$ cat input-v4.txt   # compact mmCIF, C-alpha atoms
# COMPACT_ATOMS: atom_id res chain seq x y z
CA MET S 1 36.25 12.74 -59.44
CA THR S 2 38.13 15.51 -61.27
CA GLN S 3 36.41 18.81 -61.93
CA HIS S 4 37.87 21.90 -63.60
CA PHE S 5 36.43 25.24 -62.55
CA PRO S 6 36.21 28.06 -65.10
CA THR S 7 37.87 30.69 -62.95
CA ARG S 8 41.42 31.64 -62.03
CA GLN S 9 41.40 30.24 -58.52
CA LEU S 10 38.87 29.74 -55.76
CA ARG S 11 39.86 30.14 -52.13
CA PHE S 12 38.13 27.64 -49.86
CA PHE S 13 37.54 28.14 -46.14
CA LEU S 14 36.47 25.80 -43.33
CA THR S 15 33.96 26.73 -40.67
CA ALA S 16 34.36 25.92 -36.99
CA PRO S 17 32.31 23.00 -35.60
CA ALA S 18 28.69 23.87 -34.75
CA PRO S 19 25.67 21.82 -33.61
CA CYS S 20 24.14 19.91 -36.51
CA PRO S 21 20.64 21.19 -37.42
CA TYR S 22 19.56 17.77 -38.70
CA LEU S 23 20.99 15.05 -36.44
CA PRO S 24 21.08 15.28 -32.64
CA GLU S 25 24.34 15.18 -30.72
CA ARG S 26 26.41 15.74 -33.84
CA TYR S 27 28.46 18.67 -35.05
CA GLU S 28 28.80 20.04 -38.56
CA ARG S 29 31.56 21.78 -40.44
CA LYS S 30 31.35 23.29 -43.90
CA VAL S 31 33.83 24.15 -46.58
CA PHE S 32 32.87 27.23 -48.56
CA ALA S 33 34.05 29.64 -51.23
CA HIS S 34 32.89 33.01 -52.48
CA LEU S 35 31.48 32.89 -56.00
CA PRO S 36 33.23 35.33 -58.36
CA LEU S 37 31.11 38.10 -59.84
CA SER S 38 32.51 37.72 -63.35
CA ASP S 39 31.72 34.04 -63.99
CA GLY S 40 29.71 33.11 -60.92
CA ALA S 41 27.08 31.22 -62.91
CA SER S 42 29.52 28.78 -64.53
CA VAL S 43 31.46 28.31 -61.29
CA ASN S 44 28.22 27.66 -59.40
CA ASP S 45 27.24 25.09 -62.05
CA SER S 46 30.52 23.22 -61.63
CA LEU S 47 30.41 23.32 -57.85
CA THR S 48 26.78 22.20 -57.65
CA GLN S 49 27.57 19.22 -59.85
CA VAL S 50 30.17 18.07 -57.30
CA GLY S 51 27.99 18.51 -54.25
CA PHE S 52 28.00 22.18 -53.29
CA ARG S 53 24.98 24.36 -52.54
CA ARG S 54 24.55 28.08 -53.03
CA SER S 55 23.58 30.64 -50.38
CA GLN S 56 23.71 34.18 -51.76
CA ASN S 57 27.21 34.50 -53.23
CA ILE S 58 28.68 31.62 -51.24
CA ALA S 59 28.97 27.99 -52.34
CA TYR S 60 29.30 25.46 -49.53
CA ARG S 61 29.27 21.76 -48.80
CA PRO S 62 29.49 19.64 -45.62
CA ALA S 63 32.96 18.78 -44.38
CA CYS S 64 32.12 17.00 -41.14
CA GLU S 65 34.93 15.04 -39.52
CA ALA S 66 32.97 12.03 -38.25
CA CYS S 67 29.82 12.01 -40.36
CA SER S 68 28.89 11.70 -44.03
CA ALA S 69 25.09 11.64 -43.71
CA CYS S 70 24.53 14.69 -45.94
CA VAL S 71 24.40 13.56 -49.57
CA SER S 72 23.59 15.67 -52.63
CA ALA S 73 20.43 14.54 -54.43
CA ARG S 74 18.96 15.27 -57.85
CA ILE S 75 16.03 13.98 -59.89
CA PRO S 76 16.70 12.83 -63.49
CA ALA S 77 13.67 14.54 -65.00
CA ARG S 78 13.60 12.76 -68.36
CA ASP S 79 13.44 9.34 -66.70
CA TYR S 80 10.97 10.27 -64.00
CA VAL S 81 7.90 8.12 -63.46
CA PHE S 82 5.20 9.72 -61.32
CA SER S 83 3.78 7.48 -58.61
CA ARG S 84 0.07 7.24 -57.92
CA TYR S 85 0.49 9.48 -54.87
CA GLU S 86 2.44 12.07 -56.88
CA ARG S 87 -0.20 12.16 -59.61
CA ARG S 88 -2.81 12.80 -56.91
CA VAL S 89 -0.73 15.69 -55.54
CA LEU S 90 -0.60 17.28 -58.99
CA ASN S 91 -4.27 16.60 -59.71
CA ARG S 92 -5.55 18.06 -56.43
CA ASN S 93 -4.03 21.47 -57.24
CA PRO S 94 -5.57 22.46 -60.60
CA ASP S 95 -6.38 25.96 -59.29
CA ILE S 96 -2.73 26.90 -58.67
CA GLU S 97 -1.06 29.22 -61.16
CA ARG S 98 2.72 29.46 -61.50
CA HIS S 99 4.41 32.77 -62.24
CA LEU S 100 8.11 33.14 -63.01
CA VAL S 101 9.30 36.48 -61.62
CA GLU S 102 12.63 38.22 -61.25
CA ALA S 103 14.70 37.47 -58.15
CA GLU S 104 13.43 40.56 -56.36
CA ALA S 105 12.17 40.30 -52.79
CA THR S 106 8.64 41.47 -51.96
CA MET S 107 6.96 42.00 -48.61
CA GLU S 108 4.21 39.58 -49.70
CA GLN S 109 6.81 36.82 -50.13
CA PHE S 110 8.45 37.70 -46.82
CA ASP S 111 5.15 37.56 -44.92
CA LEU S 112 4.53 34.08 -46.33
CA LEU S 113 8.07 32.99 -45.41
CA ARG S 114 7.64 34.20 -41.83
CA ARG S 115 4.40 32.23 -41.42
CA TYR S 116 6.10 29.15 -42.86
CA LEU S 117 9.15 29.42 -40.60
CA HIS S 118 7.13 30.03 -37.44
CA SER S 119 4.97 26.99 -38.18
CA ARG S 120 7.53 24.50 -39.52
CA HIS S 121 10.98 25.64 -38.36
CA ALA S 122 10.45 27.74 -35.24
CA ASP S 123 13.61 26.32 -33.66
CA GLY S 124 15.75 26.58 -36.80
CA GLY S 125 18.50 29.01 -37.70
CA MET S 126 16.26 30.94 -40.11
CA ALA S 127 13.41 31.51 -37.64
CA GLU S 128 14.59 35.05 -36.81
CA MET S 129 15.19 36.09 -40.42
CA THR S 130 14.62 39.80 -40.94
CA TRP S 131 13.48 41.66 -44.05
CA PRO S 132 17.08 42.68 -44.95
CA ASP S 133 18.11 39.02 -44.51
CA TYR S 134 15.43 37.93 -46.96
CA VAL S 135 16.37 40.62 -49.47
CA ALA S 136 19.98 39.41 -49.34
CA MET S 137 18.93 35.76 -49.73
CA VAL S 138 16.99 36.54 -52.88
CA GLU S 139 18.90 39.36 -54.51
CA ASP S 140 22.55 38.95 -53.47
CA THR S 141 23.64 36.66 -56.28
CA ALA S 142 25.78 36.56 -59.40
CA VAL S 143 24.08 33.50 -60.92
CA ARG S 144 21.05 32.95 -63.14
CA THR S 145 18.21 32.79 -60.63
CA HIS S 146 14.50 33.54 -60.39
CA ILE S 147 11.47 33.00 -58.18
CA ILE S 148 8.45 30.88 -58.99
CA GLU S 149 5.37 32.27 -57.27
CA TYR S 150 2.45 29.90 -56.85
CA ARG S 151 -0.90 31.65 -56.57
CA LEU S 152 -4.50 30.58 -56.36
CA ALA S 153 -6.45 31.45 -59.48
CA SER S 154 -7.81 34.97 -59.23
CA ARG S 155 -11.54 35.59 -59.13
CA ASP S 156 -11.44 39.33 -59.85
CA GLY S 157 -8.70 39.71 -62.47
CA GLY S 158 -6.03 40.73 -59.96
CA PRO S 159 -3.22 38.60 -58.58
CA GLY S 160 -4.44 35.54 -56.70
CA ASP S 161 -3.41 34.71 -53.16
CA LEU S 162 0.29 33.81 -52.86
CA ILE S 163 0.52 30.34 -51.29
CA ALA S 164 4.05 29.14 -52.16
CA CYS S 165 7.40 30.33 -53.52
CA ALA S 166 10.54 28.68 -54.82
CA LEU S 167 13.91 30.38 -55.30
CA VAL S 168 15.49 28.55 -58.24
CA ASP S 169 18.87 28.68 -59.99
CA LEU S 170 18.94 27.93 -63.70
CA MET S 171 22.02 25.80 -64.34
CA SER S 172 23.56 24.41 -67.50
CA ASP S 173 22.16 20.95 -66.75
CA GLY S 174 19.29 21.53 -64.36
CA LEU S 175 17.08 23.52 -62.06
CA SER S 176 18.48 23.91 -58.55
CA LEU S 177 15.87 24.47 -55.83
CA VAL S 178 17.71 26.85 -53.52
CA TYR S 179 14.87 27.38 -51.05
CA SER S 180 11.10 26.96 -51.03
CA PHE S 181 8.33 27.86 -48.60
CA TYR S 182 4.55 27.73 -48.52
CA ASP S 183 1.36 28.42 -46.60
CA PRO S 184 1.51 26.00 -43.65
CA THR S 185 -2.28 25.98 -43.24
CA LEU S 186 -2.84 24.26 -46.60
CA GLY S 187 -1.59 20.83 -45.56
CA ARG S 188 -3.92 18.84 -47.79
CA ARG S 189 -2.36 20.39 -50.88
CA SER S 190 1.11 18.90 -50.08
CA LEU S 191 2.68 22.09 -51.41
CA GLY S 192 6.28 21.07 -50.65
CA SER S 193 5.96 17.96 -52.81
CA PHE S 194 3.86 19.83 -55.37
CA MET S 195 6.62 22.40 -56.02
CA ILE S 196 9.22 19.68 -56.59
CA LEU S 197 6.92 17.74 -58.89
CA ASP S 198 6.02 20.92 -60.76
CA HIS S 199 9.72 21.57 -61.39
CA VAL S 200 10.14 18.02 -62.68
CA VAL S 201 7.27 18.70 -65.08
CA GLN S 202 8.82 21.99 -66.20
CA ALA S 203 12.25 20.37 -66.64
CA CYS S 204 10.68 17.72 -68.87
CA LEU S 205 8.85 20.32 -70.94
CA THR S 206 12.03 22.35 -71.48
CA GLU S 207 14.32 19.31 -71.87
CA ILE S 208 16.39 20.17 -68.78
CA PRO S 209 18.05 16.99 -67.49
CA TYR S 210 17.97 17.40 -63.69
CA VAL S 211 16.20 18.97 -60.74
CA TYR S 212 18.71 19.48 -57.90
CA LEU S 213 17.18 19.12 -54.42
CA GLY S 214 20.14 19.90 -52.18
CA TYR S 215 21.10 17.48 -49.42
CA TRP S 216 19.36 14.31 -48.37
CA VAL S 217 20.33 13.50 -44.77
CA ARG S 218 19.95 9.88 -43.77
CA GLY S 219 18.21 9.64 -40.40
CA SER S 220 16.75 13.15 -40.48
CA GLU S 221 12.96 13.38 -40.45
CA LYS S 222 13.23 16.85 -42.01
CA MET S 223 15.04 15.46 -45.05
CA ASP S 224 13.53 11.99 -45.49
CA TYR S 225 10.99 13.31 -48.00
CA LYS S 226 13.68 13.72 -50.67
CA ALA S 227 14.39 9.98 -50.74
CA ARG S 228 10.74 9.26 -51.58
CA PHE S 229 11.12 10.62 -55.10
CA SER S 230 11.98 7.90 -57.57
CA PRO S 231 14.14 7.66 -59.55
CA ILE S 232 16.56 9.91 -57.71
CA GLU S 233 20.33 10.14 -57.93
CA ILE S 234 22.71 10.75 -55.03
CA LEU S 235 26.33 11.82 -55.19
CA ARG S 236 28.74 9.10 -54.13
CA PRO S 237 32.55 9.45 -53.98
CA GLU S 238 32.72 7.80 -57.40
CA GLY S 239 30.05 10.06 -58.91
CA TRP S 240 26.27 10.33 -59.31
CA ALA S 241 24.32 7.06 -59.01
CA LEU S 242 20.71 6.02 -58.58
CA MET S 243 19.63 5.65 -54.96
CA SER S 244 19.21 2.02 -53.97
CA ALA S 245 15.94 0.65 -52.63
CA ARG S 246 17.45 -0.02 -49.19
CA ASP S 247 18.14 3.70 -48.73
CA ARG S 248 14.53 4.72 -49.25
CA PRO S 249 11.97 5.45 -46.52
CA PRO S 250 8.53 3.80 -46.85
CA PRO S 251 6.46 5.32 -49.68
CA ILE S 252 3.51 7.59 -48.95
CA ARG S 253 0.25 5.82 -49.80
CA SER S 254 -2.38 8.34 -48.74
$ encode --input "input-v4.txt" --output "structure tokens"
Amino acid sequence: MTQHFPTRQLRFFLTAPAPCPYLPERYERKVFAHLPLSDGASVNDSLTQVGFRRSQNIAYRPACEACSACVSARIPARDYVFSRYERRVLNRNPDIERHLVEAEATMEQFDLLRRYLHSRHADGGMAEMTWPDYVAMVEDTAVRTHIIEYRLASRDGGPGDLIACALVDLMSDGLSLVYSFYDPTLGRRSLGSFMILDHVVQACLTEIPYVYLGYWVRGSEKMDYKARFSPIEILRPEGWALMSARDRPPPIRS
């Protein structure tokens, strides 16, 4: 698949092998490039469309020597049909308000992130993230990005309790969910799924074609949830294609 990048030249680098965070007894390598400050948004668009992800001002993608389990995934918003379970997730959260804010880190967001990481990813690479790390994750960027804050409806006219956040890039053809986190004590709300579904709704309302979810990793319990959205497209060597039924995990029926 040929892709032309709107910049003079990108220099790509390859990381050394490191233990895979998703699949046991495997090692990962990544190819990455620094996004240019002048046209970082358009370069990030082009790279995302061919399977890269953004972290601050770096675009990266897996380049593992003996594994191809990581596959880019995106939801075609205009063709999306909400399942019964997904409609229940949306309907059980009528008291959540969404607020689009600038990509500026706040201590309130960071406190929520720390609670989320300690509960859900205590053994992950981000578990020891510091305040300066979070500021860099949110603010060190040359692309069009923002944060969606999800708050409970206020009872006193002030800001409601912050229960979830999503760092989102606005691309030429979609919304790219860079990172999201939520209150781990509110399990019944299914906030992880709710944020994705909410972005599908917003993409439909604004006629944005896709919601980019990052990598689906076959065999990883942490990433299986992405394959439950339907329809969903995954990036094959020949281009984007709808995920087949045999690739999907069992649907959630609760």
$ residues_around --input "input-v4.txt" --residues "S:Leu167" --least-positions-apart "6" --cutoff "7 Å" --atoms "all atoms listed in the file" --output "PyMOL selection string"
chain S and resi 146-148+177-180
$ closest_residue --input "input-v4.txt" --among "S:Gly239, S:Ala103, S:His118, S:Ala41" --to "S:Leu170" --atoms "all atoms listed in the file"
S:Ala41
$ residues_around --input "input-v4.txt" --residues "S:Gln56" --least-positions-apart "2" --cutoff "9 Å" --atoms "all atoms listed in the file" --output "NGL selection string"
:S and (35 or 54 or 58-59 or 136-142)
$ residues_around --input "input-v4.txt" --residues "S:Ala33" --least-positions-apart "5" --cutoff "8 Å" --atoms "all atoms listed in the file" --output "PyMOL selection string"
chain S and resi 10-13+58-60
$ closest_atom_pairs --input "input-v4.txt" --of "stretch 153-249 of chain S" --to "stretch 76-94 of chain S" --cutoff "8 Å" --atoms "all atoms listed in the file" --output "CSV"
residue,atom,partner,partner_atom,distance
S:Arg189,CA,S:Asn93,CA,6.7
S:Ser190,CA,S:Val89,CA,6.6
S:Ser193,CA,S:Val89,CA,7.6
S:Phe194,CA,S:Val89,CA,6.2
S:Leu197,CA,S:Glu86,CA,7.5
S:Asp198,CA,S:Leu90,CA,7.8
S:Val200,CA,S:Ala77,CA,5.5
S:Val201,CA,S:Ala77,CA,7.6
S:Ala203,CA,S:Ala77,CA,6.2
S:Cys204,CA,S:Arg78,CA,5.8
S:Glu207,CA,S:Arg78,CA,7.5
S:Ile208,CA,S:Ala77,CA,7.3
S:Pro209,CA,S:Ala77,CA,5.6
S:Tyr210,CA,S:Pro76,CA,4.7
S:Val211,CA,S:Ala77,CA,6.6
S:Ser230,CA,S:Tyr80,CA,6.9
S:Pro231,CA,S:Tyr80,CA,6.1
S:Ile232,CA,S:Pro76,CA,6.5
S:Glu233,CA,S:Pro76,CA,7.2
$ write_last_selection --input "input-v4.txt" --atoms "C-alpha atoms" --output "short mmCIF file (atom, residue, chain, number, x, y, z; two decimals), keeping the file's coordinate frame"
data_model
loop_
_atom_site.label_atom_id
_atom_site.label_comp_id
_atom_site.auth_asym_id
_atom_site.auth_seq_id
_atom_site.Cartn_x
_atom_site.Cartn_y
_atom_site.Cartn_z
CA ARG S 189 -2.36 20.39 -50.88
CA SER S 190 1.11 18.90 -50.08
CA SER S 193 5.96 17.96 -52.81
CA PHE S 194 3.86 19.83 -55.37
CA LEU S 197 6.92 17.74 -58.89
CA ASP S 198 6.02 20.92 -60.76
CA VAL S 200 10.14 18.02 -62.68
CA VAL S 201 7.27 18.70 -65.08
CA ALA S 203 12.25 20.37 -66.64
CA CYS S 204 10.68 17.72 -68.87
CA GLU S 207 14.32 19.31 -71.87
CA ILE S 208 16.39 20.17 -68.78
CA PRO S 209 18.05 16.99 -67.49
CA TYR S 210 17.97 17.40 -63.69
CA VAL S 211 16.20 18.97 -60.74
CA SER S 230 11.98 7.90 -57.57
CA PRO S 231 14.14 7.66 -59.55
CA ILE S 232 16.56 9.91 -57.71
CA GLU S 233 20.33 10.14 -57.93
#
$ atom_distance --input "input-v4.txt" --atom1 "atom CA of S:Leu37" --atom2 "atom CA of S:Ser172"
17.4 Å
$ closest_residue --input "input-v4.txt" --among "S:Cys67, S:Met171, S:Leu117, S:Ala127" --to "S:Thr48" --atoms "all atoms listed in the file"
S:Met171
$ closest_atom_pairs --input "input-v4.txt" --of "stretch 66-134 of chain S" --to "stretch 16-26 of chain S" --cutoff "10 Å" --atoms "all atoms listed in the file" --output "Markdown table"
| residue | atom | partner | partner_atom | distance |
| --- | --- | --- | --- | --- |
| S:Ala66 | CA | S:Arg26 | CA | 8.7 |
| S:Cys67 | CA | S:Arg26 | CA | 8.2 |
| S:Ala69 | CA | S:Leu23 | CA | 9.0 |
| S:Cys70 | CA | S:Tyr22 | CA | 9.3 |
| S:Asp123 | CA | S:Pro21 | CA | 9.5 |
| S:Gly124 | CA | S:Pro21 | CA | 7.3 |
| S:Gly125 | CA | S:Pro21 | CA | 8.1 |
$ atom_distance --input "input-v4.txt" --atom1 "atom CA of S:Met223" --atom2 "atom CA of S:Trp240"
18.9 Å
$ atom_distance --input "input-v4.txt" --atom1 "atom CA of S:Pro184" --atom2 "atom CA of S:Ser119"
6.5 Å
$ closest_residue --input "input-v4.txt" --among "S:Ser55, S:Ser72, S:Ser42, S:Gln9" --to "S:Lys226" --atoms "all atoms listed in the file"
S:Ser72
